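Report on the structure given below.
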Amino acid sequence: NLILSLIKTDRAEEAFRLITAAHAVYQNNYGNRSYVTAEMQGLCGLVYAEMSKFEQAIDDLSEATPILLAQNMSGEKDFSTRQRFKIILESYIDLLGRIPGSSLEQKLDQDATSEAFRLADAIRSQAVQSALGASGARATIEDPQLTDLVRKEQDAQHQISALQAVLIDTLAAPEDQRSSVDINSITSKLESLSNAQSALLDEIKTRFPKYADFTNPQPITPDIAQKHLQPDEALISIYTANDQSYVWALPHKGRMAFATVPLGRDALNKTIAALRKALAPDPETLGDIPAFDLQKTHELYNKLLKPVEAGWKGARHLIIVAHGPLGQLPFAILPTAAVDLQDDDVLFSNYRDVPWLIRRVSITRQ
């Protein structure tokens, strides 16, 4: 957390020195495939991005991310670890959003837009899926012996996570307060537990091949999502970070559209809170209901949906995935064109001809 604070307060060089030292310790004690080693490598990627060394940033983040994704979704990480995970992946999404079509994109296994789409899905939903999946896996198994194996494997993972936390605290202590005996003992227990867990997993996978689908669901990719869309459907995915939002529009067939929008969480929270005063009022009379701000909602349409219209303009039905502040906004009431309301004698009748988005497409929210 200290390293992350240094990165976020423009003290990248100080952070880099700490990262280099910590990464060497973690690599030596845990190996290259451990979560804490990968997390440190991810933080190193953030430092490189802050220094505008984008090629090195992509190298570190692309290498660390698969390990973080594979191990972060068990639901066992503490709040602080989950927040760092989210910050690292959001920073990677931001970097990916800058490079489509550039020479830097060649360093990735797939195009930057698709990778960013996958990571946004991972941050948004995979932790919940996996937490449900661990109990779902046990419930699905009818063989009592296999259920017992699954429970033992999950218990081993809990013990490994606890021991790793103890070892991190021990290594963080001043050198004169560390006990080499304690460190060696913890490392030995971790190695034994890891070997036992691997053996359990091997047997479980042999007898229950779909176990990994429950406990470590993979984030969805654009190719997979596209296969589930009907000919008249399009998927709109919006991920909102601190300073900006990322919008993907995926048609049933054809190329996905992508846009980075300068609307972060705070700005959207304020805008949507103001809009909801007209949507969820508590009036004493109908005349107390405030006017609905068509200008602000049309601005949202122009910023969020208009830039990716190429990905959804032919659809008759939109499936919209938008969490965070946008989860409180019904997209159906976004005007697709600017409107200047005229006064009318009949209350609310001047909204009759507003070109609401719902007049153009039907909408399903996820």
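How things are named: the first chain in the structure tokens is A, the next is B, and so on; residues count from 1 in each chain; ligands count from 1 in the order shown.
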
Q: Can you check which residues of range 170-304 of chain A DSSP gives as helix (DSSP H, G or I) on the backbone and send them as number ranges by chain?
A: A: 170-172, 175-177, 180-207, 211-215, 222-227, 265-279, 286-288, 294-304

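The shell of residues at most 9 Å from Ala315 in chain A, with only C-alpha atoms counted and near chain neighbours (fewer than 6 positions) removed, consists of Pro231, Asp232, Glu233, Ala234, Pro251, His252 and Val361 of chain A.
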
Now that the selection is made, can you save its residues with C-alpha atoms as a short mmCIF file (atom, residue, chain, number, x, y, z; two decimals), in the first residue's frame?
```cif
data_model
loop_
_atom_site.label_atom_id
_atom_site.label_comp_id
_atom_site.auth_asym_id
_atom_site.auth_seq_id
_atom_site.Cartn_x
_atom_site.Cartn_y
_atom_site.Cartn_z
CA PRO A 231 -28.88 -11.43 -35.13
CA ASP A 232 -30.82 -8.37 -33.91
CA GLU A 233 -28.85 -7.92 -30.64
CA ALA A 234 -25.80 -5.94 -29.59
CA PRO A 251 -22.63 -6.46 -32.61
CA HIS A 252 -23.86 -9.93 -33.51
CA VAL A 361 -34.34 -0.17 -29.37
#
```

Q. Can you tell me, as a PyMOL selection string, what residues are no more than 12 Å from Ala273 in chain A when counting only C-alpha atoms, ignoring any on the same chain fewer than 6 positions away?
A. chain A and resi 265-267+279-281+293+296+325-329

Could you turn the residues from that selection into a file that holds all heavy atoms, as an mmCIF file, in the first residue's frame?
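And here's again-v7.cif as it stands now:
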```
data_model
loop_
_atom_site.group_PDB
_atom_site.id
_atom_site.type_symbol
_atom_site.label_atom_id
_atom_site.label_comp_id
_atom_site.auth_asym_id
_atom_site.auth_seq_id
_atom_site.Cartn_x
_atom_site.Cartn_y
_atom_site.Cartn_z
ATOM 1 N N ARG A 265 -15.952 8.110 -11.918
ATOM 2 C CA ARG A 265 -16.972 7.741 -10.934
ATOM 3 C C ARG A 265 -17.591 8.967 -10.271
ATOM 4 O O ARG A 265 -18.814 9.061 -10.135
ATOM 5 C CB ARG A 265 -16.356 6.831 -9.861
ATOM 6 C CG ARG A 265 -16.021 5.436 -10.356
ATOM 7 C CD ARG A 265 -15.648 4.510 -9.214
ATOM 8 N NE ARG A 265 -15.157 3.230 -9.719
ATOM 9 C CZ ARG A 265 -13.889 2.903 -9.813
ATOM 10 N NH1 ARG A 265 -12.955 3.746 -9.417
ATOM 11 N NH2 ARG A 265 -13.520 1.735 -10.294
ATOM 12 N N ASP A 266 -16.755 9.886 -9.798
ATOM 13 C CA ASP A 266 -17.283 11.048 -9.065
ATOM 14 C C ASP A 266 -18.202 11.890 -9.942
ATOM 15 O O ASP A 266 -19.289 12.296 -9.519
ATOM 16 C CB ASP A 266 -16.138 11.907 -8.527
ATOM 17 C CG ASP A 266 -15.411 11.235 -7.369
ATOM 18 O OD1 ASP A 266 -15.970 10.270 -6.810
ATOM 19 O OD2 ASP A 266 -14.297 11.659 -7.034
ATOM 20 N N ALA A 267 -17.753 12.176 -11.161
ATOM 21 C CA ALA A 267 -18.564 13.004 -12.066
ATOM 22 C C ALA A 267 -19.890 12.331 -12.383
ATOM 23 O O ALA A 267 -20.950 12.981 -12.374
ATOM 24 C CB ALA A 267 -17.783 13.282 -13.349
ATOM 25 N N LEU A 279 -36.546 11.406 -11.320
ATOM 26 C CA LEU A 279 -37.016 10.041 -11.555
ATOM 27 C C LEU A 279 -37.604 9.402 -10.302
ATOM 28 O O LEU A 279 -38.471 8.543 -10.386
ATOM 29 C CB LEU A 279 -35.853 9.170 -12.059
ATOM 30 C CG LEU A 279 -35.245 9.553 -13.412
ATOM 31 C CD1 LEU A 279 -34.050 8.669 -13.717
ATOM 32 C CD2 LEU A 279 -36.288 9.444 -14.519
ATOM 33 N N ALA A 280 -37.103 9.809 -9.134
ATOM 34 C CA ALA A 280 -37.591 9.216 -7.878
ATOM 35 C C ALA A 280 -37.891 10.334 -6.874
ATOM 36 O O ALA A 280 -37.279 10.418 -5.805
ATOM 37 C CB ALA A 280 -36.552 8.260 -7.317
ATOM 38 N N PRO A 281 -38.831 11.196 -7.200
ATOM 39 C CA PRO A 281 -39.144 12.317 -6.305
ATOM 40 C C PRO A 281 -40.069 11.878 -5.163
ATOM 41 O O PRO A 281 -40.615 10.777 -5.177
ATOM 42 C CB PRO A 281 -39.860 13.297 -7.234
ATOM 43 C CG PRO A 281 -40.562 12.403 -8.220
ATOM 44 C CD PRO A 281 -39.657 11.209 -8.411
ATOM 45 N N ASP A 293 -33.915 16.670 -16.620
ATOM 46 C CA ASP A 293 -32.864 17.393 -17.337
ATOM 47 C C ASP A 293 -32.513 16.659 -18.636
ATOM 48 O O ASP A 293 -31.650 15.778 -18.667
ATOM 49 C CB ASP A 293 -31.618 17.520 -16.449
ATOM 50 C CG ASP A 293 -30.648 18.558 -16.975
ATOM 51 O OD1 ASP A 293 -30.601 18.742 -18.208
ATOM 52 O OD2 ASP A 293 -29.937 19.180 -16.170
ATOM 53 N N LYS A 296 -28.703 17.155 -19.876
ATOM 54 C CA LYS A 296 -27.682 16.289 -19.263
ATOM 55 C C LYS A 296 -27.786 14.858 -19.771
ATOM 56 O O LYS A 296 -26.776 14.192 -20.011
ATOM 57 C CB LYS A 296 -27.814 16.308 -17.741
ATOM 58 C CG LYS A 296 -27.160 17.506 -17.087
ATOM 59 C CD LYS A 296 -27.193 17.385 -15.579
ATOM 60 C CE LYS A 296 -26.512 18.601 -14.933
ATOM 61 N NZ LYS A 296 -26.602 18.535 -13.453
ATOM 62 N N PRO A 325 -21.905 3.788 -10.839
ATOM 63 C CA PRO A 325 -22.913 4.855 -10.881
ATOM 64 C C PRO A 325 -23.964 4.626 -11.965
ATOM 65 O O PRO A 325 -25.144 4.921 -11.768
ATOM 66 C CB PRO A 325 -22.087 6.114 -11.177
ATOM 67 C CG PRO A 325 -20.697 5.790 -10.767
ATOM 68 C CD PRO A 325 -20.530 4.321 -10.969
ATOM 69 N N LEU A 326 -23.536 4.097 -13.121
ATOM 70 C CA LEU A 326 -24.470 3.912 -14.235
ATOM 71 C C LEU A 326 -25.487 2.813 -13.957
ATOM 72 O O LEU A 326 -26.478 2.699 -14.672
ATOM 73 C CB LEU A 326 -23.695 3.599 -15.517
ATOM 74 C CG LEU A 326 -22.901 4.773 -16.095
ATOM 75 C CD1 LEU A 326 -21.997 4.299 -17.225
ATOM 76 C CD2 LEU A 326 -23.838 5.872 -16.583
ATOM 77 N N GLY A 327 -25.250 2.013 -12.917
ATOM 78 C CA GLY A 327 -26.227 1.000 -12.545
ATOM 79 C C GLY A 327 -27.529 1.604 -12.037
ATOM 80 O O GLY A 327 -28.552 0.927 -11.968
ATOM 81 N N GLN A 328 -27.500 2.895 -11.682
ATOM 82 C CA GLN A 328 -28.697 3.571 -11.164
ATOM 83 C C GLN A 328 -29.444 4.349 -12.244
ATOM 84 O O GLN A 328 -30.430 5.019 -11.959
ATOM 85 C CB GLN A 328 -28.302 4.549 -10.057
ATOM 86 C CG GLN A 328 -27.545 3.910 -8.907
ATOM 87 C CD GLN A 328 -27.126 4.947 -7.893
ATOM 88 O OE1 GLN A 328 -27.956 5.668 -7.341
ATOM 89 N NE2 GLN A 328 -25.836 5.046 -7.641
ATOM 90 N N LEU A 329 -28.955 4.265 -13.476
ATOM 91 C CA LEU A 329 -29.559 5.051 -14.554
ATOM 92 C C LEU A 329 -30.275 4.148 -15.553
ATOM 93 O O LEU A 329 -29.648 3.268 -16.144
ATOM 94 C CB LEU A 329 -28.476 5.847 -15.282
ATOM 95 C CG LEU A 329 -28.967 6.710 -16.449
ATOM 96 C CD1 LEU A 329 -29.728 7.926 -15.916
ATOM 97 C CD2 LEU A 329 -27.810 7.151 -17.330
#
```

Mind checking which residues fall within 9 Å of Ile183 in chain A, counting only C-alpha atoms, ignoring those fewer than 3 positions away in the same chain, and posting them as a tab-separated table (two decimals) with N, CA and C atoms, in the first residue's frame?
```tsv
chain	number	residue	atom	x	y	z
A	167	LEU	N	3.92	-15.05	6.50
A	167	LEU	CA	5.28	-14.93	5.97
A	167	LEU	C	5.56	-13.50	5.50
A	170	THR	N	6.21	-11.44	8.50
A	170	THR	CA	7.52	-11.78	9.06
A	170	THR	C	8.65	-11.13	8.26
A	171	LEU	N	8.54	-11.21	6.95
A	171	LEU	CA	9.57	-10.62	6.08
A	171	LEU	C	9.57	-9.10	6.14
A	178	ARG	N	13.60	-10.56	12.89
A	178	ARG	CA	13.17	-11.75	12.17
A	178	ARG	C	13.83	-12.99	12.75
A	179	SER	N	13.12	-14.08	12.65
A	179	SER	CA	13.68	-15.36	13.06
A	179	SER	C	13.82	-16.24	11.82
A	180	SER	N	15.06	-16.61	11.51
A	180	SER	CA	15.28	-17.47	10.34
A	180	SER	C	14.60	-18.83	10.52
A	186	ILE	N	7.85	-21.69	8.12
A	186	ILE	CA	6.67	-21.30	7.34
A	186	ILE	C	6.86	-21.70	5.88
A	187	THR	N	8.05	-21.44	5.34
A	187	THR	CA	8.33	-21.79	3.94
A	187	THR	C	8.18	-23.28	3.72
A	188	SER	N	8.65	-24.08	4.69
A	188	SER	CA	8.54	-25.53	4.58
A	188	SER	C	7.07	-25.97	4.59
```

Q) With only C-alpha atoms as the atoms that count, which of A:Tyr35, A:Phe117, A:Phe292, A:Tyr48 lies nearest to Ile67 in chain A? A) A:Tyr35

Mind checking which residues fall within 8 Å of range 4-18 of chain A, counting only C-alpha atoms, ignoring those fewer than 4 positions away in the same chain, and posting them as a PDB file with N, CA and C atoms, in the first residue's frame?
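To be explicit, this is the file written out as result_36.pdb:
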```
ATOM      1  N   ALA A  22      11.441  -5.608  -2.925  1.00  0.00           N
ATOM      2  CA  ALA A  22      10.378  -6.539  -2.519  1.00  0.00           C
ATOM      3  C   ALA A  22      10.225  -7.676  -3.528  1.00  0.00           C
ATOM      4  N   LEU A  43       2.636  -3.824  -9.964  1.00  0.00           N
ATOM      5  CA  LEU A  43       2.932  -2.472  -9.470  1.00  0.00           C
ATOM      6  C   LEU A  43       4.114  -1.872 -10.226  1.00  0.00           C
ATOM      7  N   CYS A  44       5.061  -2.712 -10.608  1.00  0.00           N
ATOM      8  CA  CYS A  44       6.187  -2.238 -11.411  1.00  0.00           C
ATOM      9  C   CYS A  44       5.679  -1.729 -12.762  1.00  0.00           C
ATOM     10  N   LEU A  46       2.794  -0.386 -13.251  1.00  0.00           N
ATOM     11  CA  LEU A  46       2.192   0.925 -12.996  1.00  0.00           C
ATOM     12  C   LEU A  46       3.250   2.025 -12.972  1.00  0.00           C
ATOM     13  N   VAL A  47       4.400   1.720 -12.351  1.00  0.00           N
ATOM     14  CA  VAL A  47       5.489   2.700 -12.289  1.00  0.00           C
ATOM     15  C   VAL A  47       5.982   3.034 -13.694  1.00  0.00           C
ATOM     16  N   GLU A  50       3.578   5.300 -15.371  1.00  0.00           N
ATOM     17  CA  GLU A  50       3.703   6.671 -14.865  1.00  0.00           C
ATOM     18  C   GLU A  50       4.910   7.369 -15.475  1.00  0.00           C
ATOM     19  N   MET A  51       5.966   6.612 -15.769  1.00  0.00           N
ATOM     20  CA  MET A  51       7.187   7.173 -16.362  1.00  0.00           C
ATOM     21  C   MET A  51       7.102   7.248 -17.891  1.00  0.00           C
ATOM     22  N   ARG A  84      -6.034  -3.353  -4.464  1.00  0.00           N
ATOM     23  CA  ARG A  84      -4.810  -3.239  -5.268  1.00  0.00           C
ATOM     24  C   ARG A  84      -4.974  -3.973  -6.598  1.00  0.00           C
TER      25      ARG A  84
END
```

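CA of Ala38 in chain A lies 18.8 Å from CA of Leu96 in chain A.
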
Q.
Applying 12 Å and only C-alpha atoms, which residues near Arg124 in chain A remain after dropping the ones on its own chain fewer than 3 positions away? List them as a PyMOL selection string.
A. chain A and resi 73+82+85-86+89-90+117-121+127-129+219-220+237-241+321-324+366

Q. Residues of range 149-347 of chain A in strand (DSSP E) according to DSSP, as a list in words?
A.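 Result set for range 149-347 of chain A (strand (DSSP E)): Glu233, Ala234, Leu235, Ile236, Ser237, Ile238, Tyr239, Thr240, Ser245, Tyr246, Val247, Trp248, Ala249, Leu250, Pro251, Ala257, Phe258, Ala259, Thr260, Val261, His317, Leu318, Ile319, Ile320, Val321 and Ala322 of chain A.
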
With N, CA, C and O atoms retained, export the selected residues as a short mmCIF file (atom, residue, chain, number, x, y, z; two decimals), in the first residue's frame.
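The resulting file, out_8.cif, is shown below:
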```
data_model
loop_
_atom_site.label_atom_id
_atom_site.label_comp_id
_atom_site.auth_asym_id
_atom_site.auth_seq_id
_atom_site.Cartn_x
_atom_site.Cartn_y
_atom_site.Cartn_z
N GLU A 233 -29.34 -8.39 -31.94
CA GLU A 233 -28.85 -7.92 -30.64
C GLU A 233 -27.45 -7.33 -30.73
O GLU A 233 -26.67 -7.66 -31.62
N ALA A 234 -27.15 -6.46 -29.78
CA ALA A 234 -25.80 -5.94 -29.59
C ALA A 234 -25.55 -5.82 -28.10
O ALA A 234 -26.48 -5.58 -27.31
N LEU A 235 -24.29 -6.01 -27.71
CA LEU A 235 -23.91 -5.91 -26.30
C LEU A 235 -23.16 -4.59 -26.08
O LEU A 235 -22.20 -4.28 -26.79
N ILE A 236 -23.62 -3.82 -25.09
CA ILE A 236 -22.92 -2.59 -24.68
C ILE A 236 -22.33 -2.86 -23.29
O ILE A 236 -23.07 -3.14 -22.34
N SER A 237 -21.02 -2.78 -23.17
CA SER A 237 -20.35 -2.98 -21.88
C SER A 237 -19.66 -1.67 -21.50
O SER A 237 -18.90 -1.11 -22.29
N ILE A 238 -19.93 -1.20 -20.28
CA ILE A 238 -19.34 0.06 -19.81
C ILE A 238 -18.67 -0.18 -18.47
O ILE A 238 -19.29 -0.69 -17.53
N TYR A 239 -17.40 0.15 -18.40
CA TYR A 239 -16.67 0.05 -17.14
C TYR A 239 -16.21 1.44 -16.73
O TYR A 239 -15.55 2.13 -17.50
N THR A 240 -16.56 1.85 -15.51
CA THR A 240 -16.23 3.19 -15.03
C THR A 240 -15.12 3.12 -13.99
O THR A 240 -15.25 2.44 -12.97
N SER A 245 -14.40 6.47 -18.23
CA SER A 245 -15.18 5.25 -18.49
C SER A 245 -14.73 4.65 -19.81
O SER A 245 -14.28 5.37 -20.72
N TYR A 246 -14.88 3.32 -19.90
CA TYR A 246 -14.51 2.60 -21.12
C TYR A 246 -15.78 1.94 -21.65
O TYR A 246 -16.51 1.30 -20.90
N VAL A 247 -16.04 2.12 -22.94
CA VAL A 247 -17.29 1.65 -23.53
C VAL A 247 -16.98 0.75 -24.73
O VAL A 247 -16.20 1.13 -25.61
N TRP A 248 -17.59 -0.44 -24.71
CA TRP A 248 -17.47 -1.38 -25.82
C TRP A 248 -18.86 -1.65 -26.38
O TRP A 248 -19.81 -1.82 -25.63
N ALA A 249 -18.98 -1.70 -27.70
CA ALA A 249 -20.23 -2.06 -28.35
C ALA A 249 -19.94 -3.23 -29.29
O ALA A 249 -19.16 -3.11 -30.23
N LEU A 250 -20.57 -4.37 -28.99
CA LEU A 250 -20.28 -5.61 -29.72
C LEU A 250 -21.53 -6.03 -30.49
O LEU A 250 -22.54 -6.38 -29.90
N PRO A 251 -21.47 -6.01 -31.82
CA PRO A 251 -22.63 -6.46 -32.61
C PRO A 251 -22.66 -7.98 -32.74
O PRO A 251 -21.71 -8.67 -32.37
N ALA A 257 -16.80 -1.93 -31.45
CA ALA A 257 -16.45 -0.52 -31.33
C ALA A 257 -16.01 -0.23 -29.90
O ALA A 257 -16.52 -0.84 -28.95
N PHE A 258 -15.07 0.69 -29.74
CA PHE A 258 -14.52 0.99 -28.40
C PHE A 258 -14.27 2.49 -28.27
O PHE A 258 -13.87 3.16 -29.23
N ALA A 259 -14.51 3.01 -27.07
CA ALA A 259 -14.23 4.42 -26.80
C ALA A 259 -13.83 4.62 -25.34
O ALA A 259 -14.35 3.94 -24.45
N THR A 260 -12.90 5.53 -25.12
CA THR A 260 -12.55 5.98 -23.77
C THR A 260 -13.21 7.33 -23.55
O THR A 260 -13.04 8.25 -24.35
N VAL A 261 -13.97 7.43 -22.47
CA VAL A 261 -14.80 8.63 -22.23
C VAL A 261 -14.33 9.33 -20.96
O VAL A 261 -14.16 8.68 -19.92
N HIS A 317 -32.22 -4.66 -30.34
CA HIS A 317 -32.24 -4.93 -28.89
C HIS A 317 -30.83 -4.78 -28.34
O HIS A 317 -29.88 -5.35 -28.88
N LEU A 318 -30.69 -4.00 -27.27
CA LEU A 318 -29.39 -3.79 -26.63
C LEU A 318 -29.34 -4.52 -25.29
O LEU A 318 -30.28 -4.42 -24.49
N ILE A 319 -28.26 -5.23 -25.06
CA ILE A 319 -27.97 -5.80 -23.75
C ILE A 319 -26.88 -4.93 -23.14
O ILE A 319 -25.77 -4.86 -23.66
N ILE A 320 -27.20 -4.23 -22.06
CA ILE A 320 -26.28 -3.24 -21.49
C ILE A 320 -25.75 -3.73 -20.15
O ILE A 320 -26.53 -4.05 -19.24
N VAL A 321 -24.43 -3.80 -20.04
CA VAL A 321 -23.76 -4.15 -18.78
C VAL A 321 -23.05 -2.89 -18.30
O VAL A 321 -22.06 -2.46 -18.89
N ALA A 322 -23.58 -2.28 -17.26
CA ALA A 322 -23.01 -1.03 -16.75
C ALA A 322 -23.21 -0.97 -15.25
O ALA A 322 -24.32 -0.73 -14.78
#
```

Q.
Env of Arg360 in chain A: 10 Å cut, atoms = only C-alpha atoms, seq-sep filter 3 positions within chain, self excluded. Answer as a list in words.
A.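 Here the qualifying residues turn out to be Lys313, Ala315, Arg316, His317, Ala332, Thr336, Pro355, Trp356, Leu357 and Ile363 of chain A.
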